[in-house]
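With mmCIF, C-alpha atoms and all ligand atoms inside, this is query-v5.cif:
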```cif
data_entry
loop_
_atom_site.group_PDB
_atom_site.id
_atom_site.type_symbol
_atom_site.label_atom_id
_atom_site.label_comp_id
_atom_site.auth_asym_id
_atom_site.auth_seq_id
_atom_site.Cartn_x
_atom_site.Cartn_y
_atom_site.Cartn_z
ATOM 1 C CA MET W 1 12.471 3.479 28.754
ATOM 2 C CA SER W 2 9.211 5.354 28.959
ATOM 3 C CA GLU W 3 8.106 7.282 32.005
ATOM 4 C CA LEU W 4 5.265 4.850 32.288
ATOM 5 C CA GLU W 5 7.620 1.920 32.801
ATOM 6 C CA ASN W 6 9.750 3.957 35.216
ATOM 7 C CA LEU W 7 6.780 4.734 37.349
ATOM 8 C CA GLU W 8 5.429 1.233 37.285
ATOM 9 C CA GLU W 9 8.740 -0.139 38.516
ATOM 10 C CA GLU W 10 9.121 2.339 41.297
ATOM 11 C CA GLN W 11 8.239 0.845 44.649
ATOM 12 C CA ALA W 12 7.836 3.934 46.802
ATOM 13 C CA GLU W 13 4.671 5.317 45.259
ATOM 14 C CA PRO W 14 2.266 7.432 47.270
ATOM 15 C CA ALA W 15 -0.585 5.545 48.827
ATOM 16 C CA GLY W 16 -3.480 5.057 46.472
ATOM 17 C CA PHE W 17 -1.304 4.867 43.374
ATOM 18 C CA GLU W 18 -2.205 1.218 42.847
ATOM 19 C CA SER W 19 -5.757 2.082 41.914
ATOM 20 C CA LYS W 20 -4.841 5.007 39.646
ATOM 21 C CA VAL W 21 -5.073 4.816 35.879
ATOM 22 C CA SER W 22 -2.969 7.864 34.997
ATOM 23 C CA PHE W 23 -0.340 10.252 36.298
ATOM 24 C CA PHE W 24 0.826 13.761 35.447
ATOM 25 C CA ALA W 25 4.358 13.977 33.992
ATOM 26 C CA LYS W 26 6.869 15.744 36.230
ATOM 27 C CA GLU W 27 8.259 18.092 33.593
ATOM 28 C CA GLN W 28 6.166 20.992 32.413
ATOM 29 C CA THR W 29 4.979 21.584 28.868
ATOM 30 C CA VAL W 30 4.407 25.091 27.553
ATOM 31 C CA CYS W 31 1.382 25.733 25.354
ATOM 32 C CA PRO W 32 2.642 27.288 22.087
ATOM 33 C CA ILE W 33 -0.527 29.373 21.839
ATOM 34 C CA CYS W 34 -1.212 30.851 25.297
ATOM 35 C CA GLU W 35 2.076 29.939 27.052
ATOM 36 C CA GLU W 36 0.295 28.179 29.905
ATOM 37 C CA LYS W 37 2.620 25.757 31.687
ATOM 38 C CA PHE W 38 1.086 22.388 32.418
ATOM 39 C CA ASN W 39 1.865 18.728 33.073
ATOM 40 C CA ILE W 40 0.831 16.193 30.469
ATOM 41 C CA GLU W 41 -1.382 13.427 31.807
ATOM 42 C CA ARG W 42 -0.269 9.950 30.822
ATOM 43 C CA MET W 43 -1.982 6.637 31.179
ATOM 44 C CA LEU W 44 -0.753 3.706 33.222
ATOM 45 C CA SER W 45 -1.615 0.574 31.309
ATOM 46 C CA GLY W 46 -0.139 -2.294 33.341
ATOM 47 C CA ARG W 47 -1.383 -4.355 36.274
ATOM 48 C CA GLY W 48 -4.666 -5.311 34.671
ATOM 49 C CA ARG W 49 -5.875 -1.757 34.110
ATOM 50 C CA LEU W 50 -6.838 -2.540 30.535
ATOM 51 C CA ASN W 51 -9.303 -5.361 30.134
ATOM 52 C CA ALA W 52 -9.744 -5.861 26.388
ATOM 53 C CA GLY W 53 -13.184 -6.795 25.124
ATOM 54 C CA LYS W 54 -14.402 -7.344 21.592
ATOM 55 C CA LEU W 55 -13.391 -5.624 18.389
ATOM 56 C CA THR W 56 -16.246 -3.815 16.608
ATOM 57 C CA ASP W 57 -16.875 -3.689 12.857
ATOM 58 C CA GLU W 58 -15.228 -0.222 12.972
ATOM 59 C CA LEU W 59 -12.002 -1.828 14.295
ATOM 60 C CA ARG W 60 -12.680 -0.234 17.653
ATOM 61 C CA ARG W 61 -11.365 -2.118 20.692
ATOM 62 C CA LEU W 62 -13.881 -2.154 23.521
ATOM 63 C CA TYR W 63 -12.671 -2.355 27.122
ATOM 64 C CA ILE W 64 -14.538 -4.064 29.923
ATOM 65 C CA PRO W 65 -14.578 -2.061 33.187
ATOM 66 C CA THR W 66 -12.913 -3.794 36.140
ATOM 67 C CA PRO W 67 -13.998 -3.525 39.799
ATOM 68 C CA LYS W 68 -10.616 -2.062 40.756
ATOM 69 C CA PHE W 69 -10.037 0.505 38.006
ATOM 70 C CA GLY W 70 -13.517 1.088 36.604
ATOM 71 C CA LYS W 71 -13.772 2.290 33.012
ATOM 72 C CA VAL W 72 -10.370 2.763 31.402
ATOM 73 C CA ASN W 73 -9.748 3.784 27.815
ATOM 74 C CA PRO W 74 -6.408 4.874 26.295
ATOM 75 C CA LEU W 75 -8.290 7.185 23.903
ATOM 76 C CA TYR W 76 -8.865 9.677 26.733
ATOM 77 C CA TYR W 77 -5.137 10.493 26.887
ATOM 78 C CA ILE W 78 -3.803 10.404 23.321
ATOM 79 C CA ILE W 79 -4.432 14.085 22.506
ATOM 80 C CA ILE W 80 -2.471 16.784 24.318
ATOM 81 C CA THR W 81 -4.842 19.593 25.343
ATOM 82 C CA CYS W 82 -3.843 22.896 26.921
ATOM 83 C CA PRO W 83 -5.913 23.198 30.124
ATOM 84 C CA ASN W 84 -6.148 26.965 29.673
ATOM 85 C CA CYS W 85 -6.944 27.634 25.988
ATOM 86 C CA PHE W 86 -7.954 24.095 24.850
ATOM 87 C CA TYR W 87 -5.544 24.113 21.915
ATOM 88 C CA SER W 88 -5.194 20.389 21.150
ATOM 89 C CA ALA W 89 -3.077 18.138 18.940
ATOM 90 C CA TYR W 90 -1.415 14.734 18.840
ATOM 91 C CA GLU W 91 1.858 14.862 20.762
ATOM 92 C CA ALA W 92 4.100 14.849 17.664
ATOM 93 C CA ASP W 93 2.440 18.055 16.453
ATOM 94 C CA PHE W 94 1.583 19.895 19.660
ATOM 95 C CA LYS W 95 4.665 22.115 19.711
ATOM 96 C CA ASN W 96 4.957 22.428 15.933
ATOM 97 C CA THR W 97 2.112 24.816 15.229
ATOM 98 C CA PRO W 98 3.037 26.705 12.046
ATOM 99 C CA HIS W 99 4.254 30.213 12.934
ATOM 100 C CA SER W 100 2.044 31.746 10.263
ATOM 101 C CA ASN W 101 -1.048 30.520 12.130
ATOM 102 C CA LEU W 102 -0.049 31.309 15.716
ATOM 103 C CA ASP W 103 -1.798 34.679 15.693
ATOM 104 C CA ARG W 104 -5.058 33.219 14.426
ATOM 105 C CA LEU W 105 -5.022 30.538 17.107
ATOM 106 C CA ARG W 106 -4.192 33.174 19.737
ATOM 107 C CA ASN W 107 -6.959 35.503 18.561
ATOM 108 C CA ASP W 108 -9.447 32.656 18.911
ATOM 109 C CA ILE W 109 -8.679 31.831 22.567
ATOM 110 C CA VAL W 110 -11.753 33.547 24.044
ATOM 111 C CA LYS W 111 -14.003 32.073 21.354
ATOM 112 C CA ARG W 112 -12.495 28.608 21.855
ATOM 113 C CA LYS W 113 -13.007 28.644 25.643
ATOM 114 C CA LYS W 114 -16.555 29.922 25.302
ATOM 115 C CA PHE W 115 -17.340 27.193 22.775
ATOM 116 C CA VAL W 116 -16.021 24.445 25.074
ATOM 117 C CA TYR W 117 -17.762 25.673 28.241
ATOM 118 C CA ASP W 118 -21.050 26.532 26.478
ATOM 119 C CA THR W 119 -21.181 23.188 24.680
ATOM 120 C CA PHE W 120 -19.805 20.737 27.231
ATOM 121 C CA GLY W 121 -20.083 22.457 30.613
ATOM 122 C CA MET W 122 -17.286 22.278 33.176
ATOM 123 C CA VAL W 123 -14.469 20.347 31.590
ATOM 124 C CA ASP W 124 -11.183 20.424 33.510
ATOM 125 C CA PHE W 125 -7.902 19.269 32.007
ATOM 126 C CA LYS W 126 -5.986 19.953 35.214
ATOM 127 C CA LYS W 127 -7.676 16.997 36.892
ATOM 128 C CA PRO W 128 -7.502 13.353 35.772
ATOM 129 C CA ARG W 129 -9.419 13.109 32.520
ATOM 130 C CA THR W 130 -12.823 11.513 32.241
ATOM 131 C CA ILE W 131 -14.556 10.449 29.044
ATOM 132 C CA LEU W 132 -15.855 14.021 28.647
ATOM 133 C CA GLU W 133 -12.342 15.510 28.511
ATOM 134 C CA GLY W 134 -11.425 12.680 26.115
ATOM 135 C CA LEU W 135 -14.278 13.674 23.813
ATOM 136 C CA VAL W 136 -13.462 17.405 24.011
ATOM 137 C CA SER W 137 -9.778 16.691 23.245
ATOM 138 C CA PHE W 138 -10.722 15.033 19.932
ATOM 139 C CA ILE W 139 -13.204 17.786 19.047
ATOM 140 C CA MET W 140 -10.609 20.505 19.666
ATOM 141 C CA ALA W 141 -7.932 18.557 17.754
ATOM 142 C CA GLN W 142 -10.184 18.614 14.680
ATOM 143 C CA TYR W 143 -10.262 22.390 14.967
ATOM 144 C CA SER W 144 -6.446 22.685 15.378
ATOM 145 C CA TYR W 145 -5.572 20.579 12.344
ATOM 146 C CA ALA W 146 -7.190 23.122 10.021
ATOM 147 C CA PHE W 147 -4.057 25.177 10.814
ATOM 148 C CA PHE W 148 -1.426 22.514 10.016
ATOM 149 C CA PRO W 149 0.496 21.978 6.754
ATOM 150 C CA THR W 150 -0.214 19.019 4.457
ATOM 151 C CA LYS W 151 3.100 17.313 5.309
ATOM 152 C CA VAL W 152 1.644 16.154 8.674
ATOM 153 C CA ALA W 153 -1.481 14.753 6.929
ATOM 154 C CA PRO W 154 -3.970 17.023 8.748
ATOM 155 C CA THR W 155 -6.979 15.754 6.771
ATOM 156 C CA THR W 156 -6.286 12.183 7.897
ATOM 157 C CA LYS W 157 -5.774 13.333 11.485
ATOM 158 C CA ILE W 158 -9.111 15.193 11.408
ATOM 159 C CA ALA W 159 -10.747 12.035 10.000
ATOM 160 C CA LEU W 160 -9.268 9.835 12.756
ATOM 161 C CA SER W 161 -10.126 12.363 15.470
ATOM 162 C CA ALA W 162 -13.728 12.654 14.242
ATOM 163 C CA LEU W 163 -14.092 8.863 14.287
ATOM 164 C CA ARG W 164 -12.625 8.579 17.792
ATOM 165 C CA ALA W 165 -14.844 11.444 18.980
ATOM 166 C CA ALA W 166 -17.869 9.647 17.493
ATOM 167 C CA TRP W 167 -16.951 6.536 19.519
ATOM 168 C CA LEU W 168 -16.708 8.476 22.783
ATOM 169 C CA SER W 169 -19.903 10.357 21.990
ATOM 170 C CA SER W 170 -21.612 7.032 21.426
ATOM 171 C CA ASP W 171 -20.386 5.831 24.856
ATOM 172 C CA LEU W 172 -21.683 9.031 26.474
ATOM 173 C CA GLU W 173 -25.018 8.604 24.725
ATOM 174 C CA GLY W 174 -25.225 5.113 26.240
ATOM 175 C CA GLU W 175 -24.325 6.389 29.706
ATOM 176 C CA THR W 176 -26.465 9.524 29.821
ATOM 177 C CA LYS W 177 -29.298 8.755 27.327
ATOM 178 C CA ASP W 178 -28.924 12.437 26.418
ATOM 179 C CA SER W 179 -30.021 13.262 22.851
ATOM 180 C CA PHE W 180 -27.231 15.863 22.718
ATOM 181 C CA TYR W 181 -24.664 13.033 22.498
ATOM 182 C CA SER W 182 -26.805 11.090 20.091
ATOM 183 C CA ASN W 183 -26.936 14.056 17.672
ATOM 184 C CA LEU W 184 -23.259 14.811 18.216
ATOM 185 C CA LYS W 185 -22.384 11.184 17.475
ATOM 186 C CA ASP W 186 -24.362 11.263 14.195
ATOM 187 C CA ASN W 187 -22.647 14.487 13.127
ATOM 188 C CA LEU W 188 -19.213 13.150 14.051
ATOM 189 C CA TYR W 189 -19.678 9.878 12.175
ATOM 190 C CA PHE W 190 -20.744 11.782 9.074
ATOM 191 C CA LYS W 191 -17.810 14.162 9.442
ATOM 192 C CA ALA W 192 -15.470 11.177 9.841
ATOM 193 C CA TYR W 193 -16.884 9.719 6.605
ATOM 194 C CA GLU W 194 -16.420 13.052 4.783
ATOM 195 C CA TYR W 195 -12.811 13.432 5.964
ATOM 196 C CA TYR W 196 -11.859 9.834 5.186
ATOM 197 C CA ALA W 197 -13.265 10.451 1.682
ATOM 198 C CA LYS W 198 -11.417 13.762 1.445
ATOM 199 C CA ALA W 199 -8.133 12.189 2.607
ATOM 200 C CA TYR W 200 -8.550 9.347 0.079
ATOM 201 C CA ASN W 201 -9.130 11.833 -2.763
ATOM 202 C CA LEU W 202 -6.167 13.989 -1.689
ATOM 203 C CA LEU W 203 -3.994 10.876 -1.683
ATOM 204 C CA ASN W 204 -5.123 9.978 -5.211
ATOM 205 C CA SER W 205 -4.391 13.474 -6.490
ATOM 206 C CA GLY W 206 -0.942 13.428 -4.829
ATOM 207 C CA LYS W 207 -1.766 16.337 -2.505
ATOM 208 C CA GLU W 208 -1.602 14.673 0.907
ATOM 209 C CA ASN W 209 0.005 11.419 1.973
ATOM 210 C CA VAL W 210 -2.330 9.521 4.290
ATOM 211 C CA GLU W 211 0.582 7.521 5.727
ATOM 212 C CA ALA W 212 2.327 10.701 6.908
ATOM 213 C CA ALA W 213 -0.260 10.643 9.711
ATOM 214 C CA GLY W 214 1.800 7.853 11.311
ATOM 215 C CA ASN W 215 -0.307 5.361 13.224
ATOM 216 C CA LEU W 216 -3.565 4.990 11.291
ATOM 217 C CA GLY W 217 -5.204 2.945 14.018
ATOM 218 C CA PRO W 218 -8.050 3.443 13.864
ATOM 219 C CA ASP W 219 -7.914 2.533 17.563
ATOM 220 C CA LEU W 220 -4.833 2.484 19.764
ATOM 221 C CA ASP W 221 -4.517 -1.271 20.363
ATOM 222 C CA LYS W 222 -3.360 -2.015 16.821
ATOM 223 C CA ASN W 223 -2.294 -0.150 13.717
ATOM 224 C CA TYR W 224 -4.176 -1.614 10.755
ATOM 225 C CA GLY W 225 -2.157 0.643 8.472
ATOM 226 C CA PHE W 226 -3.232 1.714 5.006
ATOM 227 C CA HIS W 227 -5.559 -1.250 4.542
ATOM 228 C CA GLY W 228 -7.254 -0.270 7.796
ATOM 229 C CA PHE W 229 -7.660 3.236 6.403
ATOM 230 C CA LEU W 230 -9.318 1.849 3.240
ATOM 231 C CA TYR W 231 -11.580 -0.402 5.291
ATOM 232 C CA ILE W 232 -12.707 2.456 7.564
ATOM 233 C CA TYR W 233 -13.516 4.613 4.544
ATOM 234 C CA GLY W 234 -15.608 1.716 3.203
ATOM 235 C CA ILE W 235 -17.472 1.005 6.443
ATOM 236 C CA LEU W 236 -18.179 4.697 7.146
ATOM 237 C CA LEU W 237 -19.581 5.223 3.658
ATOM 238 C CA TYR W 238 -21.732 2.110 4.027
ATOM 239 C CA LYS W 239 -23.068 2.828 7.524
ATOM 240 C CA TYR W 240 -23.254 6.633 7.610
ATOM 241 C CA GLY W 241 -22.519 8.138 4.181
ATOM 242 C CA LEU W 242 -24.805 6.392 1.666
ATOM 243 C CA LYS W 243 -28.095 7.132 3.452
ATOM 244 C CA LYS W 244 -27.380 10.864 3.403
ATOM 245 C CA ILE W 245 -26.776 10.920 -0.346
ATOM 246 C CA GLN W 246 -29.988 11.806 -2.190
ATOM 247 C CA SER W 247 -29.167 10.743 -5.736
ATOM 248 C CA LYS W 248 -29.472 6.986 -6.435
ATOM 249 C CA ASP W 249 -26.933 7.310 -9.245
ATOM 250 C CA GLU W 250 -24.413 8.936 -6.938
ATOM 251 C CA GLN W 251 -25.034 6.267 -4.273
ATOM 252 C CA LEU W 252 -24.372 3.499 -6.801
ATOM 253 C CA LYS W 253 -21.277 5.209 -8.182
ATOM 254 C CA LEU W 254 -19.750 5.556 -4.694
ATOM 255 C CA ALA W 255 -20.782 2.005 -3.730
ATOM 256 C CA ASN W 256 -19.137 0.562 -6.852
ATOM 257 C CA GLU W 257 -15.937 2.480 -6.145
ATOM 258 C CA ALA W 258 -15.957 1.451 -2.486
ATOM 259 C CA LYS W 259 -16.430 -2.216 -3.416
ATOM 260 C CA ILE W 260 -13.229 -2.032 -5.487
ATOM 261 C CA ILE W 261 -11.385 -0.163 -2.710
ATOM 262 C CA VAL W 262 -12.387 -2.766 -0.111
ATOM 263 C CA SER W 263 -11.384 -5.626 -2.438
ATOM 264 C CA ARG W 264 -7.818 -4.260 -2.394
ATOM 265 C CA ILE W 265 -7.577 -5.336 1.260
ATOM 266 C CA PHE W 266 -7.917 -9.041 0.578
ATOM 267 C CA GLY W 267 -7.308 -9.028 -3.183
ATOM 268 C CA SER W 268 -3.528 -8.865 -3.270
ATOM 269 C CA GLY W 269 -3.124 -12.429 -2.004
ATOM 270 C CA LYS W 270 0.012 -11.479 -0.098
ATOM 271 C CA SER W 271 0.125 -11.969 3.609
ATOM 272 C CA SER W 272 1.103 -8.872 5.511
ATOM 273 C CA LYS W 273 1.618 -7.979 9.122
ATOM 274 C CA ASP W 274 -1.214 -5.454 9.121
ATOM 275 C CA LYS W 275 -3.713 -8.158 8.173
ATOM 276 C CA ASN W 276 -5.213 -10.822 10.301
ATOM 277 C CA VAL W 277 -7.940 -13.364 9.798
ATOM 278 C CA PHE W 278 -10.601 -11.361 11.633
ATOM 279 C CA PHE W 279 -9.781 -8.243 9.681
ATOM 280 C CA LEU W 280 -9.855 -10.054 6.336
ATOM 281 C CA ASP W 281 -13.235 -11.571 7.249
ATOM 282 C CA MET W 282 -14.577 -8.117 8.107
ATOM 283 C CA ALA W 283 -13.355 -6.752 4.787
ATOM 284 C CA ARG W 284 -14.995 -9.659 2.934
ATOM 285 C CA SER W 285 -18.305 -9.059 4.768
ATOM 286 C CA LEU W 286 -18.185 -5.401 3.817
ATOM 287 C CA TYR W 287 -17.447 -6.337 0.201
ATOM 288 C CA ASP W 288 -20.469 -8.661 0.226
ATOM 289 C CA ALA W 289 -22.654 -5.928 1.758
ATOM 290 C CA TYR W 290 -21.679 -3.585 -1.086
ATOM 291 C CA ALA W 291 -22.361 -6.270 -3.694
ATOM 292 C CA LYS W 292 -25.818 -6.808 -2.177
ATOM 293 C CA PHE W 293 -26.545 -3.085 -2.086
ATOM 294 C CA ILE W 294 -25.471 -2.649 -5.711
ATOM 295 C CA ALA W 295 -27.720 -5.533 -6.800
ATOM 296 C CA SER W 296 -30.791 -4.555 -4.748
ATOM 297 C CA GLY W 297 -30.442 -0.806 -4.180
ATOM 298 C CA ASN W 298 -31.359 -1.341 -0.502
ATOM 299 C CA LEU W 299 -29.150 -0.751 2.496
HETATM 300 ZN ZN ZN A 301 -2.965 27.205 25.701
#
```

Spit out the file's structure as structure tokens when you get a sec.
Amino acid sequence: MSELENLEEEQAEPAGFESKVSFFAKEQTVCPICEEKFNIERMLSGRGRLNAGKLTDELRRLYIPTPKFGKVNPLYYIIITCPNCFYSAYEADFKNTPHSNLDRLRNDIVKRKKFVYDTFGMVDFKKPRTILEGLVSFIMAQYSYAFFPTKVAPTTKIALSALRAAWLSSDLEGETKDSFYSNLKDNLYFKAYEYYAKAYNLLNSGKENVEAAGNLGPDLDKNYGFHGFLYIYGILLYKYGLKKIQSKDEQLKLANEAKIIVSRIFGSGKSSKDKNVFFLDMARSLYDAYAKFIASGNL
């Protein structure tokens, strides 16, 4: 049984618990880089805290704020971040930093903290996370995975983290109307495209197994698996990648390849648990968009 279920079943909670969306685990975790001891923050998902809204064309699940709990999003909590040095990773990897890279990550502590505070202002991982800490956790995870071995699929984890960071940046842009988040979002979407492309190429050359990343999401409500990975590569190239590519020939080459990749999602004819009608329709629409682009040359 998870701690989450334990806590939800407990009756004698402190006053005010009912309106909380997260709690800090009782046991302490030690940061492998700076040895800070801290308590991991975990989300409480029951009792109507999560109010699912629509699914976007990027397979992102939107959540509708409720009067009682306000804005709640599981993405804020999925990355473990050290509140002192901001070293960040998905939970399965957090304590498994390769020994050969510990010194480099330790030598970068001052630089890492300065980067976070200079770029994002006062973030605080000792308090309940807000969307800003959620965004910073995904940005810092992208940095950490440069230090991990291929067996944990670091390229795919950077790709996923960049995409999730782009989503949160897009939410912050909507909330604040600040061009900083608008530019950050554009950069993150393009980075997500580049890393999905990189991960796909590494898979084809046998150098990194995308599926070793575990849950490929791309969001946390459902794992769309390898077909979801292919679809996200296709949609990111279409929406964010193609327009940044100068050469028409290169655009057409990538579009033709992507059309074939996307057709693999609905082309096999087999039903599979990672497919559903909505997803197949999205893949078909993307396929049609590529066919149109290839015929007309216009996005
Ligand atoms: Zn640390």

request  = Could you tell me which residues the PyMOL selection byres (((chain W and resi 139) around 10) and not hetatm) returns for this structure, as a list in words?
outcome  = Ser88, Val116, Glu133, Gly134, Leu135, Val136, Ser137, Phe138, Met140, Ala141, Gln142, Tyr143, Ser144, Ile158, Ser161, Ala162, Arg164, Ala165, Ala166 and Leu188 of chain W

Next, the residues of the selection above should be written as a PDB file, keeping the file's coordinate frame with C-alpha atoms.
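What landed in out17.pdb:
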```pdb
ATOM      1  CA  SER W  88      -5.194  20.389  21.150  1.00  0.00           C
ATOM      2  CA  VAL W 116     -16.021  24.445  25.074  1.00  0.00           C
ATOM      3  CA  GLU W 133     -12.342  15.510  28.511  1.00  0.00           C
ATOM      4  CA  GLY W 134     -11.425  12.680  26.115  1.00  0.00           C
ATOM      5  CA  LEU W 135     -14.278  13.674  23.813  1.00  0.00           C
ATOM      6  CA  VAL W 136     -13.462  17.405  24.011  1.00  0.00           C
ATOM      7  CA  SER W 137      -9.778  16.691  23.245  1.00  0.00           C
ATOM      8  CA  PHE W 138     -10.722  15.033  19.932  1.00  0.00           C
ATOM      9  CA  MET W 140     -10.609  20.505  19.666  1.00  0.00           C
ATOM     10  CA  ALA W 141      -7.932  18.557  17.754  1.00  0.00           C
ATOM     11  CA  GLN W 142     -10.184  18.614  14.680  1.00  0.00           C
ATOM     12  CA  TYR W 143     -10.262  22.390  14.967  1.00  0.00           C
ATOM     13  CA  SER W 144      -6.446  22.685  15.378  1.00  0.00           C
ATOM     14  CA  ILE W 158      -9.111  15.193  11.408  1.00  0.00           C
ATOM     15  CA  SER W 161     -10.126  12.363  15.470  1.00  0.00           C
ATOM     16  CA  ALA W 162     -13.728  12.654  14.242  1.00  0.00           C
ATOM     17  CA  ARG W 164     -12.625   8.579  17.792  1.00  0.00           C
ATOM     18  CA  ALA W 165     -14.844  11.444  18.980  1.00  0.00           C
ATOM     19  CA  ALA W 166     -17.869   9.647  17.493  1.00  0.00           C
ATOM     20  CA  LEU W 188     -19.213  13.150  14.051  1.00  0.00           C
TER      21      LEU W 188
END
```

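Residues matched by the PyMOL selection byres (((chain W and resi 25) around 7) and not hetatm) in this file: W:Phe23, W:Phe24, W:Lys26, W:Glu27, W:Asn39, W:Ile40, W:Glu41, W:Arg42.
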
key: Near-ligand residues for ligand ZN 301 (chain A), threshold 9 Å, only C-alpha atoms and all ligand atoms, as number ranges by chain   = W: 30-37, 81-88, 106, 109

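Nearest to Pro67 of chain W of all the residues W:Ser169, W:Ser19, W:Ser263, W:Ser285 is W:Ser19, based on only C-alpha atoms.
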
task = Return the single residue from W:Thr66, W:Thr155, W:Asn256, W:Ser45 that is closest to Tyr195 of chain W, with distances computed using all atoms listed in the file.
result = W:Thr155

message = What does the structure give for the distance between atom CA of Arg60 of chain W and atom CA of Phe279 of chain W, in Å to one decimal?
response = 11.7 Å

request  = For the structure shown, which residues end up in the PyMOL selection byres (((chain W and resi 287) around 9) and not hetatm)? Put them as a PyMOL selection string, please?
outcome  = chain W and resi 234+258-260+262-263+282-286+288-292
